[in-house]
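Below: the structure, in structure tokens.
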Amino acid sequence: MTTPIDVSFTSEGEKIAAHLRTPLTTSNRTCVVFAAGMTLTKEVWLPPRAEALNARGYTTVNFDYRGFGGSGGARLRLVPQQQVVDARNAVTWAKAHEGVDRVVVVGVSLGAAVALAVGSEDDNVDGFAAVGGPADLWRVWSSLPN
């Protein structure tokens with residue numbers, strides 16, 4: 001397991017803060033990008049999963065959506081469509097990283113919906129998983145701002 005490195009990329013002009021973990025071995029060329037739930041940051045819930053995958057040879061990226069954690073943007077403004085764009089930009093950034101050939105998106109809670117959207121829209125995504133997402137996604141997303 002490696003210590004996360006603070007990195008950043010941009011999404012629609014906003015700086016997005018992220019943690020990158022690269023494996024000690026280079027045989028696996030897959031990166032897992034984690035999409036956090038609702039308003040959670042890169043330090044909540046998902047780091048132990050990133051650490052476990054990193055110990056098994058995966059590169060991992062945990063990032064803060066714009067407006068949350070260390071990322072730029074209007075503070076604490078939850079806009080799911082923007083979170084999808086931020087996740088797509090995380091995928092693009094990860095795919096360009098040295099040693100990465102494949103990118104998988106894993107989303108938890110509302111991040112599950114983000115992972116489904118990114119996985120279905122982005123040709124750079126080689127696989128995706130949705131964990132513990134909302135049962136009625138349309139009801140949840142339609143109640144949030146555009």
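By order in the structure tokens, chains are A, B, ...; within a chain, residues start at 1; ligands start at 1, following the order shown.
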
Please list as a ChimeraX atom specification every residue within 8 Å of region 120-133 of chain A, counting only C-alpha atoms and excluding residues in the same chain fewer than 5 positions away.
/A:88,91-92,95,102-113,115

What parts of region 3-126 of chain A does DSSP call alpha helix (DSSP H)? I'd like the answer as an MDAnalysis selection string.
chainID A and resid 47:55 80:95 110:121

Got a sec: who's within 12 Å of Gln81 (chain A), counting only C-alpha atoms, leaving out chain neighbours fewer than 5 positions off, as a PyMOL selection string?
chain A and resi 65-66+86-88+110-111+113-115+117-118+141-142+144-146

Which polymer residues have any atom within 8 Å of an atom of Lys42 (chain A), counting only C-alpha atoms, with same-chain residues fewer than 6 positions away left out, as a list in words?
Ala18, His19, Ala36, Asn62, Phe63, Asp64 and Gly69 of chain A

Would you output that residue set with N, CA and C atoms, as a CSV table (one decimal), in the first residue's frame?
```
chain,number,residue,atom,x,y,z
A,18,ALA,N,-7.7,15.9,-5.5
A,18,ALA,CA,-7.8,14.4,-5.5
A,18,ALA,C,-6.7,13.8,-4.8
A,19,HIS,N,-6.9,12.5,-4.4
A,19,HIS,CA,-5.8,11.7,-3.9
A,19,HIS,C,-5.5,10.6,-4.9
A,36,ALA,N,-17.8,9.5,-4.7
A,36,ALA,CA,-18.3,9.6,-3.4
A,36,ALA,C,-19.8,9.9,-3.4
A,62,ASN,N,-9.3,9.1,-5.5
A,62,ASN,CA,-10.5,9.7,-4.8
A,62,ASN,C,-10.5,11.2,-5.0
A,63,PHE,N,-11.6,11.8,-5.3
A,63,PHE,CA,-11.6,13.2,-5.6
A,63,PHE,C,-12.8,13.9,-4.9
A,64,ASP,N,-12.7,15.2,-4.7
A,64,ASP,CA,-13.8,16.0,-4.2
A,64,ASP,C,-14.5,16.6,-5.3
A,69,GLY,N,-14.9,19.9,-0.1
A,69,GLY,CA,-13.6,19.5,0.3
A,69,GLY,C,-12.5,20.5,-0.2
```

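Minimum distance to Thr41 (chain A) across A:Pro23, A:Gly57, A:Arg29, A:Ala17 (counting only C-alpha atoms) occurs at A:Ala17.
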
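We find CA of Arg21 (chain A) and CA of Pro4 (chain A) to be spaced 4.8 Å apart.
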